[in-house]
Amino acid sequence: MTQTMELGNLQKPGLGPKLKAFVRRRTEGRAVILLAVISLVVVFYEPLVFTAYPVTLGRIALIGLVALGLTAVILMGELDLSVASTLAASGVIVAVIPDLRIAIPVALLTGIAVGIVNAFFVAIVGIASFIATLGMLFGLSGLAFVLSGEVPVNLQNQDAGILFSQPVLGPLTPRILLFLLVFIALQLFVTRMKAGREFFAVGGNRQAAYDSGIPVKRRIFTGFIISGFVSALAGVIYTLTLTTASPDAGSNVLLSSFAAAIIGGNYLKGGKGSIVGTLLGATALGMLQTTFLMSGIQVPVQNTLIGAILLLAVITDPTSLRALIEKLRSALSKRAKVAPS
Amino acid sequence: MFKSRKSLGMAGLLAVAGLTLAGCASAEEAATEEPTTEEATTEEATTEEAAAEEFEVYALFPQGNDQAYGSTLIEPLQENAAALGINITLTNSGYDAVKQQAECETAVAAQPDGIMLWPAVSDAVRPCLVLADNAGIPVWVINTDVGPADAPLTYGYSGPDTYGQGKASAELMCEAVGDEEVNIIQVNGAAGNGTAIDRDNGFTDHVEANCPNVTIVAEQNADWTPAGAQQVAAEMLAAEGVENIGGIYAADDSMVDGAVKALEALGEDASEYYITGIGNTVLGNPLVKEGKMYGTVFQSSGWEGENAPEYMHRVLTGEIAQGDRVTAYMPSVKVTAENADDPEVAPEW
Amino acid sequence: MAKESLTEQIALTEVVAQEAPKKTSGVGLWLTQNGVFLFLVVLAVFAAFFVNGFGSLDNVTNILNRAVPLGIVAVGMTFVVISGNYLDLSVVAQVATSGVIFLAVGSEYGLGVAALAATGAAILYGLVNGLAVGLFKANAVIVTLATTYIGLGLLRYFSGGSIFFGPPDGPMDVFGSGKVGPVPYSAFVFLGLTLVLSLVLTRTNFGFLVKSFGVNERATRLGGVNTDMVIVGAFLVTALAAMIAGFVFAAFSNTAVSTMAQGFDFKALGAIIIGGTSVFGGRGSVLRTLLGVIFVSVLDNVLTLLGFTFGFQQLALGVLILLAVTLDVLSRKLGQQ
């Protein structure tokens, strides 16, 4: 089921079957449909979401950035629960160190270090990533509170923060540009580079990956470092955007980035998925949130609706429905077999 | 062929389901908007001549109908806003500063006549203020004031004096204790929360400066919940020994309720302890009447809800100009056994 | 089960046996396999000597009050974890829903009606989560995230975020403040539930299937078992436990508010993991979770007594999760040699 394996199957059939194979191979169906439905609704009810597109893009960038890094790990069938805490810790580090020229590299290095520690526990010690990163979830969040003295820390250089939110290229702010850059880099890495394509093999069938000589452990390190680095980058962006670092920053980040990745068709057990899918998932969620925000609907009602849409989206996943249909069919055929006797 | 038909069907199903949901959303929207439009029409008769202008205002709040204070604040706010011809669009960031910043960007993009800002994290509002200032949208701050460096970017503030509330509760504590040497324990709000930090500073500063006979021997955070306060209060009492403790300050009446239960669980009579809180809430006011809490500081959600649109209106009509920077503090009325029954301090939330 | 053929039974037993801990003798080995227990003893001994107020009877009550609501959630959630479905995030909403129902409905219509309503809500949560994960094969993390949004959204919409409180000396208050010696009534509920769930997991077909499902989903399914219902069952157990946790937690302070169970999701998971239940299913027990919960509660208690605030408590919990799990892995590697 891995992308690399299926690439080989695409041999010069006619356009029709080729297209069909392409569509079947893609995992982003759910995200595309959700995005289409949301876009349709938005056009009629809240066109502001489109006309004020830099705002919407900014929202998508916030939700999506961490999700992109997370996807690298998910593709290998691993999870990183520490992303939000990494964000909070690196965000505090940026504010605590007075000189931004030192602070930003240190914060980003922290992210890489977190990735290495996570990967060490997963690949070398042999702890399931869900558990190892749960420890980091608590530990790094605690670190963010301890480093900040449990109070929000102001950025010394407030003007740098304000500048950071100004558009630099057309209407695009550095936040959006960085998000696009990370997306492009990861997309190229995963689809065009050998190491990136090996992620699918590691996630699809780890034993087979070992047997075919893929350096599985090194890939796991790569994945967690990507995830840690991107989370730290998001932490830096958060602090610059707000000109202050809050130790409880990103409290919603973990779950919304998981939601974006899964809505985008990434399979949590690995081997199936794509960076594009995560982008689409984040776009759908970001537009949904911006729409709600402008609608003035009460927040509890908004949350109920977001929950309902999420639930609907996951249970109407093609694989879910296929499983259900097969089950019904087998149940029916069983009954049919029993009946004649 | 079968496969594609199936997926087409699925797509159709999804689209229908999505649209149904969207339909629900808009129905919901209509339902929630109904009361305000109703109010608007009833008010119209009386206010048509007074407020012919319609103002669009975004209210960027960190809580709303999901919390007791927010819901009792929003009701009078919307009533008064409607009377003044202000149309309010409410947001609720759930105390997430980044989300509030995104809401601020959205609000500025919608180009309203004014923005009413209740900061999620008061240190984190500068980018929002700069954005609004550049767009020429006046900002009125409520509930938690911004720092002195950010203040010139706003037209003013109305709401509680959070630091002053902590101070007032400390004054009550010092008054209750008198000249006695007393050790007290302190229960703060949620870790990292701005209101919790300001009240903590107000209380601590006043006690240290004015009544050295009161010593804060232990402090802990609780998530503003009675259960959380009860747990940490019980543990601080165990650590220090209940016999060595003479009083408790909690940053909120709900947490006082928990702390009182912690004392009672040890078989102690809370009325023999010096206990002060903040809020005068529906949970706190009876404690004062029963003598379990010496005193609390009234925070009126009604005052805040009524005054916010009042001041916003004065900004919108040019009565308050940029640079005036008006600060209107809600009176920090102290509530003790003497006045707990007065109608002016009837608990609101 | 009776209808199943012998070969299917054997296949299943093999599946479980593969991962079942080897029968070992010797206290030393048991200790290395239950490193948490060792940690707990060390921590308690240290605290008894060096931490003021730790050794008192009142503090036993404090530890139990910390352990009970979290523990009831955790022992229930152990079923979802063992079945290989990560965790149930919606316990946060479930506990709060139940707590608010018990106080809001309870003071209006009596506890019986409230219990009925809370049970109804719990069954609804369990069914929605279970059917979405079991029947529709949707991912448990997202499904329970969605039900958290829905549950908390509805709860806040209808409760307006108010703090609900029961009458003083009402039945909730009496239960919540009642103690036998230093042991609160709620601790007996916790213990009873732990024993019952432990028996369910080890002695019933359902428990056997939950475990085997966690070990190898496909083999279990090939064995002809109706796996959907196993998953629904696991989520129902979690939901009912969360409902009971809501009751005892609301009774503890005689108050309930929609934010009351914030953080219970990952903290309960942390306790389960510290106890040594494998998140990838199959291995683990309710009694291990009990141990994990007590350990987490003692740790939080000691840090609070020492005056450490929130940040350090989080930091310590994180470090200890990593330590406990590393020890667990190393001991298993040693055991295999």
# chains A, B, ... in the order shown; residues from 1 in each chain; ligands from 1

$ residues_around --residues "Leu137 (chain A)" --least-positions-apart "6" --cutoff "8 Å" --atoms "only C-alpha atoms" --output "list in words"
Leu81, Ser82, Val83, Ala84, Ser85 and Thr86 of chain A; Gly318 of chain C

$ write_last_selection --atoms "C-alpha atoms" --output "CSV table (one decimal), in the first residue's frame"
chain,number,residue,atom,x,y,z
A,81,LEU,CA,2.3,13.9,21.4
A,82,SER,CA,4.9,16.3,22.4
A,83,VAL,CA,4.4,18.8,19.6
A,84,ALA,CA,2.3,21.3,21.5
A,85,SER,CA,4.6,21.2,24.6
A,86,THR,CA,7.6,21.7,22.3
C,318,GLY,CA,6.9,13.7,32.4

$ interface_residues --of "chain C" --to "chain A" --cutoff "8 Å" --atoms "only C-alpha atoms" --output "PyMOL selection string"
chain C and resi 132+135-139+142-143+145-154+156-157+266+270+273+279-280+310-322+325-326+329-330

$ write_last_selection --atoms "C-alpha atoms" --output "PDB file, in the first residue's frame"
ATOM      1  CA  ALA C 132     -17.714   4.981  15.294  1.00  0.00           C
ATOM      2  CA  LEU C 135     -18.306  -0.436  13.302  1.00  0.00           C
ATOM      3  CA  PHE C 136     -17.083   2.432  11.116  1.00  0.00           C
ATOM      4  CA  LYS C 137     -13.401   1.683  11.777  1.00  0.00           C
ATOM      5  CA  ALA C 138     -12.743   5.370  12.415  1.00  0.00           C
ATOM      6  CA  ASN C 139      -9.694   6.490  14.340  1.00  0.00           C
ATOM      7  CA  ILE C 142     -10.359  11.781  16.292  1.00  0.00           C
ATOM      8  CA  VAL C 143     -13.667  10.164  17.177  1.00  0.00           C
ATOM      9  CA  LEU C 145     -11.860  14.344  20.092  1.00  0.00           C
ATOM     10  CA  ALA C 146     -15.054  14.995  18.152  1.00  0.00           C
ATOM     11  CA  THR C 147     -17.261  13.705  20.957  1.00  0.00           C
ATOM     12  CA  THR C 148     -15.323  15.877  23.407  1.00  0.00           C
ATOM     13  CA  TYR C 149     -16.118  18.941  21.307  1.00  0.00           C
ATOM     14  CA  ILE C 150     -19.763  17.929  21.041  1.00  0.00           C
ATOM     15  CA  GLY C 151     -20.125  16.952  24.693  1.00  0.00           C
ATOM     16  CA  LEU C 152     -18.412  19.973  26.191  1.00  0.00           C
ATOM     17  CA  GLY C 153     -20.114  22.254  23.681  1.00  0.00           C
ATOM     18  CA  LEU C 154     -23.559  21.010  24.651  1.00  0.00           C
ATOM     19  CA  ARG C 156     -21.513  24.611  28.245  1.00  0.00           C
ATOM     20  CA  TYR C 157     -24.429  25.671  26.112  1.00  0.00           C
ATOM     21  CA  PHE C 266      -3.752  12.500  29.247  1.00  0.00           C
ATOM     22  CA  GLY C 270      -0.129   8.657  31.995  1.00  0.00           C
ATOM     23  CA  ILE C 273       1.197   3.787  31.179  1.00  0.00           C
ATOM     24  CA  VAL C 279      -0.658   1.248  24.632  1.00  0.00           C
ATOM     25  CA  PHE C 280      -0.427  -1.029  21.683  1.00  0.00           C
ATOM     26  CA  PHE C 310       2.204  23.450  38.615  1.00  0.00           C
ATOM     27  CA  GLY C 311       5.267  23.640  36.342  1.00  0.00           C
ATOM     28  CA  PHE C 312       7.442  21.387  38.467  1.00  0.00           C
ATOM     29  CA  GLN C 313       4.599  18.918  38.935  1.00  0.00           C
ATOM     30  CA  GLN C 314       4.218  18.578  35.162  1.00  0.00           C
ATOM     31  CA  LEU C 315       7.974  18.291  34.695  1.00  0.00           C
ATOM     32  CA  ALA C 316       8.261  15.565  37.338  1.00  0.00           C
ATOM     33  CA  LEU C 317       5.356  13.610  35.868  1.00  0.00           C
ATOM     34  CA  GLY C 318       6.948  13.708  32.422  1.00  0.00           C
ATOM     35  CA  VAL C 319      10.358  12.580  33.636  1.00  0.00           C
ATOM     36  CA  LEU C 320       8.817   9.787  35.684  1.00  0.00           C
ATOM     37  CA  ILE C 321       6.756   8.477  32.804  1.00  0.00           C
ATOM     38  CA  LEU C 322       9.947   8.175  30.765  1.00  0.00           C
ATOM     39  CA  VAL C 325       8.712   3.047  30.881  1.00  0.00           C
ATOM     40  CA  THR C 326      12.442   2.768  30.262  1.00  0.00           C
ATOM     41  CA  VAL C 329      11.446  -2.044  28.706  1.00  0.00           C
ATOM     42  CA  LEU C 330      14.873  -2.843  30.134  1.00  0.00           C
TER      43      LEU C 330
END

$ residues_around --residues "region 295-309 of chain C" --least-positions-apart "4" --cutoff "6 Å" --atoms "only C-alpha atoms" --output "ChimeraX atom specification"
/B:235,239 /C:40,63,66-67

$ interface_residues --of "chain B" --to "chain C" --cutoff "9 Å" --atoms "only C-alpha atoms" --output "CSV table (one decimal) with N, CA and C atoms, in the first residue's frame"
chain,number,residue,atom,x,y,z
B,64,GLY,N,-17.4,33.6,27.3
B,64,GLY,CA,-18.7,34.0,26.9
B,64,GLY,C,-19.8,33.3,27.6
B,65,ASN,N,-20.7,32.7,26.9
B,65,ASN,CA,-21.8,32.0,27.5
B,65,ASN,C,-21.3,30.6,28.1
B,66,ASP,N,-20.0,30.4,28.0
B,66,ASP,CA,-19.5,29.1,28.5
B,66,ASP,C,-19.0,29.3,29.9
B,67,GLN,N,-19.0,30.5,30.5
B,67,GLN,CA,-18.6,30.7,31.9
B,67,GLN,C,-19.6,31.6,32.6
B,68,ALA,N,-19.7,31.4,33.9
B,68,ALA,CA,-20.8,32.1,34.6
B,68,ALA,C,-20.6,33.6,34.5
B,69,TYR,N,-19.3,34.1,34.7
B,69,TYR,CA,-19.1,35.5,34.7
B,69,TYR,C,-19.5,36.1,33.3
B,70,GLY,N,-19.0,35.4,32.3
B,70,GLY,CA,-19.2,35.8,30.9
B,70,GLY,C,-20.7,35.9,30.6
B,71,SER,N,-21.4,34.9,30.9
B,71,SER,CA,-22.8,34.9,30.5
B,71,SER,C,-23.6,36.0,31.2
B,191,ALA,N,-2.6,28.5,36.8
B,191,ALA,CA,-1.2,28.9,36.6
B,191,ALA,C,-1.1,29.6,35.3
B,218,ALA,N,2.3,29.3,52.6
B,218,ALA,CA,2.3,28.4,51.4
B,218,ALA,C,1.3,28.9,50.4
B,219,GLU,N,1.6,28.7,49.1
B,219,GLU,CA,0.6,29.0,48.1
B,219,GLU,C,0.6,28.0,47.0
B,220,GLN,N,-0.5,27.8,46.4
B,220,GLN,CA,-0.7,26.9,45.3
B,220,GLN,C,-1.7,27.4,44.3
B,221,ASN,N,-1.6,26.9,43.0
B,221,ASN,CA,-2.6,27.2,42.0
B,221,ASN,C,-3.7,26.2,42.1
B,223,ASP,N,-7.4,25.5,39.6
B,223,ASP,CA,-7.9,25.9,38.3
B,223,ASP,C,-9.2,26.7,38.4
B,225,THR,N,-11.5,26.1,40.3
B,225,THR,CA,-12.6,25.2,40.6
B,225,THR,C,-12.6,25.0,42.1
B,226,PRO,N,-13.8,24.8,42.7
B,226,PRO,CA,-13.8,24.5,44.1
B,226,PRO,C,-13.1,23.2,44.5
B,227,ALA,N,-13.3,22.2,43.6
B,227,ALA,CA,-12.6,20.9,43.9
B,227,ALA,C,-11.1,21.0,43.9
B,228,GLY,N,-10.6,21.7,43.0
B,228,GLY,CA,-9.1,21.9,42.9
B,228,GLY,C,-8.6,22.6,44.1
B,230,GLN,N,-10.1,22.8,47.1
B,230,GLN,CA,-10.2,21.9,48.2
B,230,GLN,C,-9.0,21.0,48.4
B,231,GLN,N,-8.6,20.4,47.2
B,231,GLN,CA,-7.5,19.5,47.3
B,231,GLN,C,-6.2,20.2,47.7
B,232,VAL,N,-5.8,21.3,47.1
B,232,VAL,CA,-4.6,21.9,47.4
B,232,VAL,C,-4.6,22.5,48.8
B,234,ALA,N,-6.3,21.4,51.4
B,234,ALA,CA,-6.1,20.3,52.3
B,234,ALA,C,-4.7,19.9,52.4
B,235,GLU,N,-4.0,19.9,51.3
B,235,GLU,CA,-2.6,19.5,51.3
B,235,GLU,C,-1.7,20.5,52.0
B,236,MET,N,-2.0,21.8,51.7
B,236,MET,CA,-1.2,22.9,52.4
B,236,MET,C,-1.4,22.8,53.9
B,237,LEU,N,-2.6,22.5,54.3
B,237,LEU,CA,-2.9,22.4,55.7
B,237,LEU,C,-2.2,21.2,56.3
B,238,ALA,N,-2.1,20.2,55.6
B,238,ALA,CA,-1.4,19.0,56.1
B,238,ALA,C,0.1,19.3,56.2
B,239,ALA,N,0.7,20.0,55.2
B,239,ALA,CA,2.1,20.3,55.2
B,239,ALA,C,2.5,21.3,56.3
B,240,GLU,N,1.6,22.2,56.6
B,240,GLU,CA,2.0,23.2,57.6
B,240,GLU,C,1.5,22.9,58.9
B,241,GLY,N,0.5,22.0,59.0
B,241,GLY,CA,-0.1,21.7,60.2
B,241,GLY,C,-1.3,22.6,60.5
B,254,SER,N,-15.4,30.9,44.6
B,254,SER,CA,-15.6,29.4,44.4
B,254,SER,C,-14.5,28.6,45.1
B,257,ASP,N,-14.9,28.5,48.8
B,257,ASP,CA,-15.8,27.4,49.1
B,257,ASP,C,-15.1,26.1,49.3
B,258,GLY,N,-14.2,25.8,48.3
B,258,GLY,CA,-13.4,24.6,48.4
B,258,GLY,C,-12.5,24.6,49.7
B,261,LYS,N,-14.4,23.8,52.8
B,261,LYS,CA,-14.7,22.4,52.9
B,261,LYS,C,-13.5,21.6,53.4
B,262,ALA,N,-12.3,22.1,52.9
B,262,ALA,CA,-11.0,21.4,53.3
B,262,ALA,C,-10.9,21.6,54.9
B,265,ALA,N,-13.5,19.4,56.6
B,265,ALA,CA,-13.1,18.0,56.6
B,265,ALA,C,-12.1,17.6,57.7
B,266,LEU,N,-11.4,18.6,58.2
B,266,LEU,CA,-10.5,18.3,59.3
B,266,LEU,C,-11.2,18.5,60.6
B,283,LEU,N,-21.8,31.6,45.3
B,283,LEU,CA,-21.3,30.6,46.2
B,283,LEU,C,-20.6,31.3,47.4
B,349,TRP,N,-23.3,36.2,39.9
B,349,TRP,CA,-22.8,35.1,39.1
B,349,TRP,C,-22.2,34.0,40.0

$ closest_residue --among "A:Phe164, A:Phe229, A:Phe221, A:Phe120" --to "chain B" --atoms "only C-alpha atoms"
A:Phe164

$ atom_distance --atom1 "CA of Gln100 (chain B)" --atom2 "CA of Val297 (chain B)"
28.7 Å

$ closest_residue --among "B:Gln78, B:Asn244, B:Ser300, B:Thr89" --to "chain A" --atoms "only C-alpha atoms"
B:Thr89

$ atom_distance --atom1 "CA of Ile184 (chain A)" --atom2 "CA of Val276 (chain A)"
9.4 Å

$ select_by_dssp --residues "region 25-214 of chain C" --states "strand (DSSP E or B)" --output "PyMOL selection string"
chain C and resi 164-165+179-180+183-184

$ select_by_dssp --residues "region 60-307 of chain C" --states "helix (DSSP H, G or I)" --output "number ranges by chain"
C: 60-82, 91-109, 111-134, 140-159, 171-177, 185-203, 205-215, 217-222, 227-253, 264-275, 286-305

$ interface_residues --of "chain A" --to "chain B" --cutoff "8 Å" --atoms "only C-alpha atoms" --output "MDAnalysis selection string"
chainID A and resid 33:34 37:38 41 48 52 55:56 58:59 145 150:154 161:162 165 238 241:251 290 293:301 305 309 316 318

$ write_last_selection --atoms "C-alpha atoms" --output "compact mmCIF listing (two decimals), in the first residue's frame"
# COMPACT_ATOMS: atom_id res chain seq x y z
CA ILE A 33 -14.77 16.72 -0.20
CA LEU A 34 -14.84 18.46 3.17
CA VAL A 37 -18.45 21.51 1.06
CA ILE A 38 -17.03 24.15 3.37
CA VAL A 41 -21.10 27.09 2.30
CA LEU A 48 -15.52 37.57 3.94
CA ALA A 52 -10.09 38.67 3.71
CA VAL A 55 -6.51 36.41 7.61
CA THR A 56 -7.83 33.01 6.60
CA GLY A 58 -2.88 33.14 8.64
CA ARG A 59 -5.31 30.94 10.53
CA PHE A 145 6.11 26.88 33.06
CA GLU A 150 4.56 30.56 35.43
CA VAL A 151 3.83 34.02 34.02
CA PRO A 152 3.69 35.29 30.42
CA VAL A 153 7.09 36.64 29.36
CA ASN A 154 7.27 39.73 27.16
CA GLY A 161 7.44 41.02 16.85
CA ILE A 162 5.27 43.72 15.32
CA SER A 165 3.20 40.36 11.47
CA TYR A 238 3.74 32.22 18.14
CA THR A 241 3.24 37.04 16.55
CA LEU A 242 2.06 37.87 20.07
CA THR A 243 5.27 39.67 21.17
CA THR A 244 4.95 37.61 24.32
CA ALA A 245 5.37 33.99 25.36
CA SER A 246 2.68 32.31 27.38
CA PRO A 247 3.68 29.03 29.06
CA ASP A 248 0.27 27.58 28.27
CA ALA A 249 0.54 28.51 24.58
CA GLY A 250 -0.72 26.03 22.06
CA SER A 251 -3.15 24.27 24.36
CA THR A 290 -12.65 31.40 10.40
CA LEU A 293 -15.50 33.13 14.00
CA MET A 294 -17.16 35.58 11.65
CA SER A 295 -20.60 34.08 12.02
CA GLY A 296 -21.00 35.18 15.62
CA ILE A 297 -22.41 31.80 16.62
CA GLN A 298 -21.92 31.11 20.32
CA VAL A 299 -18.71 29.24 20.98
CA PRO A 300 -20.29 26.22 22.68
CA VAL A 301 -22.53 25.81 19.63
CA LEU A 305 -20.79 21.76 15.24
CA ILE A 309 -18.40 17.70 11.37
CA THR A 316 -17.71 8.62 6.20
CA PRO A 318 -14.07 5.65 2.17

$ atom_distance --atom1 "CA of Asp169 (chain C)" --atom2 "CA of Leu111 (chain C)"
13.8 Å
